[in-house]
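Engineer: For reference, this is data_21.txt, and it has compact mmCIF, C-alpha atoms.
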```txt
# COMPACT_ATOMS: atom_id res chain seq x y z
CA GLN H 1 4.99 -13.21 16.62
CA LEU H 2 7.98 -11.22 15.37
CA MET H 3 5.74 -8.69 13.65
CA ALA H 4 2.89 -8.30 16.15
CA PRO H 5 4.51 -5.69 18.46
CA TYR H 6 5.06 -3.36 15.50
CA PHE H 7 1.38 -3.22 14.53
CA GLN H 8 -0.11 -2.16 17.85
CA ARG H 9 -2.88 0.46 17.93
CA ALA H 10 -0.52 3.21 19.06
CA ARG H 11 1.64 2.77 15.95
CA ILE H 12 -1.25 2.51 13.49
CA GLY H 13 -2.18 6.18 13.94
CA HIS H 14 1.34 7.21 12.87
CA TYR H 15 1.10 5.04 9.76
CA VAL H 16 -2.29 6.57 8.85
CA ASP H 17 -0.78 10.06 8.97
CA GLU H 18 2.04 8.96 6.66
CA MET H 19 -0.38 7.19 4.30
CA ALA H 20 -2.56 10.30 4.06
CA ARG H 21 0.45 12.51 3.31
CA ILE H 22 1.61 10.18 0.54
CA ALA H 23 -1.87 9.81 -0.98
CA LEU H 24 -2.30 13.59 -1.11
CA ALA H 25 1.09 14.03 -2.75
CA ARG H 26 0.40 11.29 -5.32
CA THR H 27 -3.12 12.41 -6.26
CA GLY H 28 -2.75 16.17 -5.88
CA GLY H 29 -1.97 16.56 -9.57
CA TRP H 30 -5.02 14.64 -10.80
CA CYS H 31 -7.55 16.88 -12.57
CA ASP H 32 -11.09 16.38 -13.84
CA GLY H 33 -10.96 14.98 -17.35
CA ASP H 34 -7.54 13.37 -16.98
CA VAL H 35 -7.16 9.92 -18.51
CA LEU H 36 -5.10 7.71 -16.16
CA ALA H 37 -3.73 4.20 -16.35
CA LEU H 38 -5.43 3.34 -13.08
CA ASP H 39 -3.60 0.06 -12.51
CA ASP H 40 -0.24 1.87 -12.79
CA GLU H 41 -1.44 4.71 -10.56
CA ALA H 42 -2.77 2.27 -7.95
CA PHE H 43 0.46 0.26 -7.96
CA GLY H 44 2.56 3.42 -7.66
CA LEU H 45 0.43 4.68 -4.78
CA ALA H 46 0.58 1.34 -2.99
CA LEU H 47 4.37 1.15 -3.40
CA ALA H 48 4.88 4.74 -2.25
CA THR H 49 2.67 4.07 0.78
CA ALA H 50 4.41 0.83 1.71
CA GLY H 51 7.80 2.43 1.15
CA GLY H 52 6.91 5.47 3.25
CA CYS H 53 5.69 3.39 6.18
CA LEU H 54 8.63 0.99 5.95
CA PHE H 55 11.48 3.39 5.25
CA GLY H 56 10.17 6.86 6.09
CA THR H 57 10.92 9.89 3.94
CA ASP H 58 14.70 9.58 3.73
CA ILE H 59 14.84 6.87 1.07
CA ALA H 60 15.70 8.19 -2.39
CA GLN H 61 12.95 8.29 -5.02
CA GLU H 62 15.27 6.43 -7.39
CA THR H 63 15.42 3.58 -4.88
CA ILE H 64 11.62 3.39 -4.71
CA GLU H 65 11.45 3.39 -8.53
CA ASP H 66 14.10 0.66 -8.70
CA ILE H 67 12.10 -1.40 -6.20
CA HIS H 68 9.00 -0.80 -8.34
CA VAL H 69 10.66 -2.20 -11.47
CA GLN H 70 12.22 -5.19 -9.75
CA LEU H 71 9.13 -5.96 -7.67
CA MET H 72 7.02 -6.09 -10.83
CA ALA H 73 9.54 -8.52 -12.29
CA ALA H 74 9.54 -10.61 -9.11
CA LEU H 75 5.74 -10.81 -9.00
CA GLY H 76 5.78 -11.91 -12.63
CA GLU H 77 8.27 -14.63 -11.75
CA VAL H 78 6.01 -15.82 -8.93
CA GLY H 79 3.05 -15.92 -11.29
CA ASN H 80 5.04 -17.97 -13.80
CA GLY H 81 6.32 -20.35 -11.13
CA VAL H 82 9.99 -19.43 -11.68
CA ALA H 83 10.65 -17.30 -8.58
CA ASP H 84 14.10 -17.79 -7.03
CA ARG H 85 15.43 -15.60 -4.23
CA THR H 86 18.95 -15.92 -5.71
CA THR H 87 18.20 -14.69 -9.25
CA GLY H 88 15.98 -12.32 -11.24
CA GLY H 89 13.70 -9.66 -9.81
CA THR H 90 13.39 -11.36 -6.43
CA ALA H 91 17.16 -11.29 -5.92
CA GLU H 92 17.34 -7.65 -7.04
CA VAL H 93 14.64 -6.60 -4.57
CA ARG H 94 16.54 -8.40 -1.79
CA ARG H 95 19.79 -6.73 -2.83
CA ILE H 96 18.22 -3.24 -2.73
CA ILE H 97 16.58 -3.87 0.66
CA THR H 98 19.78 -5.42 2.06
CA ASP H 99 21.68 -2.23 1.19
CA VAL H 100 19.00 -0.06 2.83
CA VAL H 101 18.98 -2.22 5.99
CA ALA H 102 22.79 -2.16 6.28
CA ARG H 103 22.86 1.63 5.92
CA ARG H 104 20.11 2.17 8.45
CA ARG H 105 21.72 -0.26 10.91
CA ALA H 106 24.99 1.69 10.67
CA GLU H 107 23.20 5.03 11.16
CA GLY H 108 21.35 3.83 14.26
CA ILE H 109 18.80 6.66 13.94
CA ASP H 110 15.16 6.15 14.84
CA ARG H 111 13.16 7.69 12.00
CA GLY H 112 9.79 6.56 13.37
CA ASP H 113 9.19 4.05 10.55
CA LEU H 114 8.82 0.28 10.58
CA LEU H 115 12.42 -0.40 9.65
CA SER H 116 13.61 1.68 12.61
CA ALA H 117 11.31 -0.36 14.85
CA PHE H 118 12.69 -3.62 13.46
CA LEU H 119 16.32 -2.62 13.91
CA LEU H 120 16.29 -0.50 17.07
CA HIS H 121 13.31 -1.39 19.29
CA PRO H 122 13.43 -4.69 21.19
CA ASP H 123 10.34 -6.88 21.11
CA GLN H 124 8.63 -8.27 24.22
CA ALA H 125 11.44 -10.81 24.59
CA GLY H 126 14.09 -8.07 24.44
CA ALA H 127 15.37 -8.98 20.96
CA VAL H 128 15.70 -6.89 17.80
CA PHE H 129 15.67 -8.19 14.25
CA THR H 130 18.88 -9.40 12.66
CA ASP H 131 19.66 -7.86 9.27
CA GLU H 132 18.49 -11.03 7.51
CA GLN H 133 15.23 -11.10 9.47
CA ALA H 134 14.64 -7.43 8.66
CA VAL H 135 15.27 -8.03 4.95
CA ASP H 136 12.93 -11.04 4.93
CA GLU H 137 10.12 -9.12 6.63
CA VAL H 138 10.50 -6.01 4.47
CA VAL H 139 10.50 -8.06 1.25
CA GLY H 140 7.45 -9.97 2.49
CA LEU H 141 5.63 -6.76 3.38
CA LEU H 142 6.41 -5.25 0.00
CA ALA H 143 5.24 -8.36 -1.86
CA ALA H 144 1.99 -8.60 0.12
CA GLY H 145 1.48 -4.90 0.79
CA VAL H 146 1.84 -3.50 -2.73
CA ASP H 147 0.27 -5.76 -5.35
CA THR H 148 -2.72 -6.81 -3.22
CA PRO H 149 -3.94 -3.31 -2.22
CA ALA H 150 -3.17 -1.99 -5.73
CA VAL H 151 -5.42 -4.64 -7.30
CA ALA H 152 -8.11 -4.04 -4.66
CA LEU H 153 -8.00 -0.27 -5.18
CA SER H 154 -8.32 -0.70 -8.95
CA TRP H 155 -11.44 -2.83 -8.49
CA VAL H 156 -12.94 -0.32 -6.05
CA PHE H 157 -12.61 2.47 -8.61
CA HIS H 158 -14.00 0.18 -11.30
CA GLU H 159 -17.07 -0.64 -9.22
CA LEU H 160 -17.64 2.99 -8.27
CA SER H 161 -17.53 3.97 -11.94
CA CYS H 162 -20.14 1.29 -12.70
CA HIS H 163 -22.45 2.40 -9.86
CA PRO H 164 -22.81 6.22 -9.84
CA GLU H 165 -25.25 6.21 -6.92
CA VAL H 166 -22.77 4.29 -4.76
CA GLU H 167 -20.02 6.69 -5.82
CA ARG H 168 -22.23 9.67 -4.90
CA ARG H 169 -23.00 8.27 -1.43
CA ALA H 170 -19.34 7.43 -0.79
CA CYS H 171 -18.24 10.94 -1.78
CA GLU H 172 -20.93 12.53 0.36
CA GLU H 173 -19.78 10.50 3.36
CA ILE H 174 -16.15 11.50 2.80
CA ASP H 175 -17.16 15.17 2.52
CA ALA H 176 -19.20 14.92 5.73
CA VAL H 177 -16.64 12.99 7.80
CA VAL H 178 -13.33 14.34 6.48
CA GLY H 179 -14.21 17.53 4.61
CA ASP H 180 -11.17 19.75 4.19
CA GLY H 181 -9.63 18.50 7.42
CA PRO H 182 -6.80 15.99 7.77
CA VAL H 183 -7.36 12.28 7.20
CA THR H 184 -6.97 10.72 10.64
CA GLU H 185 -7.36 7.22 12.01
CA ASP H 186 -10.63 8.09 13.78
CA ARG H 187 -12.08 9.66 10.65
CA VAL H 188 -11.12 6.65 8.53
CA ARG H 189 -12.84 4.37 11.03
CA SER H 190 -15.97 6.53 10.76
CA LEU H 191 -16.29 6.02 7.00
CA GLU H 192 -18.77 3.17 7.45
CA TYR H 193 -20.37 3.28 4.01
CA LEU H 194 -17.01 3.40 2.23
CA HIS H 195 -15.87 0.48 4.37
CA ARG H 196 -18.87 -1.54 3.17
CA VAL H 197 -18.10 -0.61 -0.44
CA ILE H 198 -14.54 -1.89 -0.04
CA GLN H 199 -15.67 -5.07 1.70
CA GLU H 200 -18.20 -5.82 -1.03
CA THR H 201 -15.59 -5.20 -3.72
CA LEU H 202 -13.20 -7.59 -2.00
CA ARG H 203 -15.96 -10.18 -1.74
CA ARG H 204 -16.61 -9.96 -5.46
CA TYR H 205 -13.01 -9.65 -6.60
CA GLY H 206 -10.80 -11.27 -4.00
CA ALA H 207 -7.47 -9.45 -4.24
CA PHE H 208 -5.66 -12.25 -2.45
CA LEU H 209 -5.98 -15.97 -3.11
CA VAL H 210 -4.89 -18.72 -0.72
CA PRO H 211 -3.20 -21.48 -2.75
CA TRP H 212 -4.17 -25.08 -2.09
CA GLN H 213 -2.91 -28.20 -3.83
CA ALA H 214 -5.26 -31.13 -4.50
CA GLU H 215 -3.94 -34.37 -3.04
CA ASP H 216 -6.34 -36.49 -5.15
CA ASP H 217 -8.51 -36.02 -8.23
CA VAL H 218 -11.43 -33.80 -7.24
CA ASP H 219 -14.73 -32.93 -8.91
CA LEU H 220 -15.66 -29.46 -7.70
CA ALA H 221 -19.17 -28.57 -8.89
CA GLY H 222 -18.50 -30.18 -12.25
CA VAL H 223 -14.94 -28.86 -12.58
CA ARG H 224 -12.30 -31.60 -12.55
CA ILE H 225 -9.16 -30.80 -10.59
CA PRO H 226 -6.41 -33.40 -11.03
CA ALA H 227 -4.21 -34.58 -8.20
CA GLY H 228 -1.41 -32.07 -7.75
CA GLY H 229 -3.47 -29.27 -9.30
CA MET H 230 -3.38 -25.84 -7.66
CA ILE H 231 -6.55 -24.10 -6.45
CA GLY H 232 -6.76 -20.43 -5.51
CA ILE H 233 -9.36 -19.79 -2.79
CA SER H 234 -10.53 -16.25 -2.03
CA LEU H 235 -10.44 -15.23 1.62
CA TYR H 236 -13.85 -13.64 1.06
```
Output the file's structure as structure tokens, nothing else.

Structural biologist:
Amino acid sequence: QLMAPYFQRARIGHYVDEMARIALARTGGWCDGDVLALDDEAFGLALATAGGCLFGTDIAQETIEDIHVQLMAALGEVGNGVADRTTGGTAEVRRIITDVVARRRAEGIDRGDLLSAFLLHPDQAGAVFTDEQAVDEVVGLLAAGVDTPAVALSWVFHELSCHPEVERRACEEIDAVVGDGPVTEDRVRSLEYLHRVIQETLRRYGAFLVPWQAEDDVDLAGVRIPAGGMIGISLY
């Protein structure tokens, strides 16, 4: 409920413009024949995109890079079951975001990004986020909005490289719909074939798993899951 007003259709178009600008800046230096660490490139693109939509263009590149390092550490802590918001990478991410929120609150300037909306624009009940609420939401958006799309994007490129005909059709659609013009919300929505490619990739390689814990011993198609065991279920 807190987040819903900030993701209305009117705002989405602004975010698409920012995402397109960032993607062009990040990929503009790629050349035919380059060998790239695609997982690193995808993570960097996802972080730059999330950071741009959350904080706008005024946040220092060093801050984004610091968030990158600490977010990777925090995600590793989550994966190893040792995440603690008071220590390690998780605490460092919160510290960085807390400093950004405090500075932006003091400035009181609407920069047209999500953080400005959180801090300056009342919701339907007339309330704005407290600093702690803003930090919680930004950290949550970074955790969910960086690793997940980065993994998904990596798998999309993998599948395209394995299926040249699909890659050809996707590129032809992009050339026909977008061409040399700007990437806009309407044009993105018109990329129907690419949308199906992404959906099929997500079905095959779910980038996000919903964790469930078994209350009792379970036999799942011949696989024994003990009581208390964790199960990751793909949304697709």

Engineer: For atom CA of Glu92 of chain H and atom CA of Glu137 of chain H, determine how far apart the two atoms are, in Å to one decimal place.

Structural biologist: 15.5 Å

Engineer: I'd like to know which of H:Ala20, H:Val178, H:Ala143, H:Ile97 is closest to Met72 of chain H, using all atoms listed in the file.

Structural biologist: H:Ala143

Engineer: So how many Å separate atom CA of His14 of chain H and atom CA of Gly126 of chain H, to one decimal?

Structural biologist: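 A separation of 23.0 Å between them.
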
Engineer: Can you list, as a ChimeraX atom specification, every protein, DNA or RNA residue that comes within 10 Å of Ser190 of chain H when you count all atoms listed in the file, leaving out same-chain residues fewer than 6 positions away?

Structural biologist: /H:173-174,177-178,184

Engineer: Skip Pro182 of chain H itself and residues of its chain fewer than 6 positions away, then list as an MDAnalysis selection string all residues within 12 Å of it, counting all atoms listed in the file.

Structural biologist: chainID H and resid 16:21 23:24 174:175 188

Engineer: Using only C-alpha atoms, can you tell me which of H:Ala73, H:Ile233, H:Pro226, H:Leu47 comes closest to Arg203 of chain H?

Structural biologist: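 Among H:Ala73, H:Ile233, H:Pro226, H:Leu47, it is H:Ile233 that comes nearest to Arg203 of chain H.
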
Engineer: Using all atoms listed in the file, find the one residue out of H:Glu185, H:Trp155, H:Asp131, H:Ile231 that sits nearest to Glu200 of chain H.

Structural biologist: H:Trp155

Engineer: Quick check, in Å to one decimal: how far apart do atom CA of Phe55 of chain H and atom CA of Leu202 of chain H lie?

Structural biologist: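 Between atom CA of Phe55 of chain H and atom CA of Leu202 of chain H the gap is 28.0 Å.
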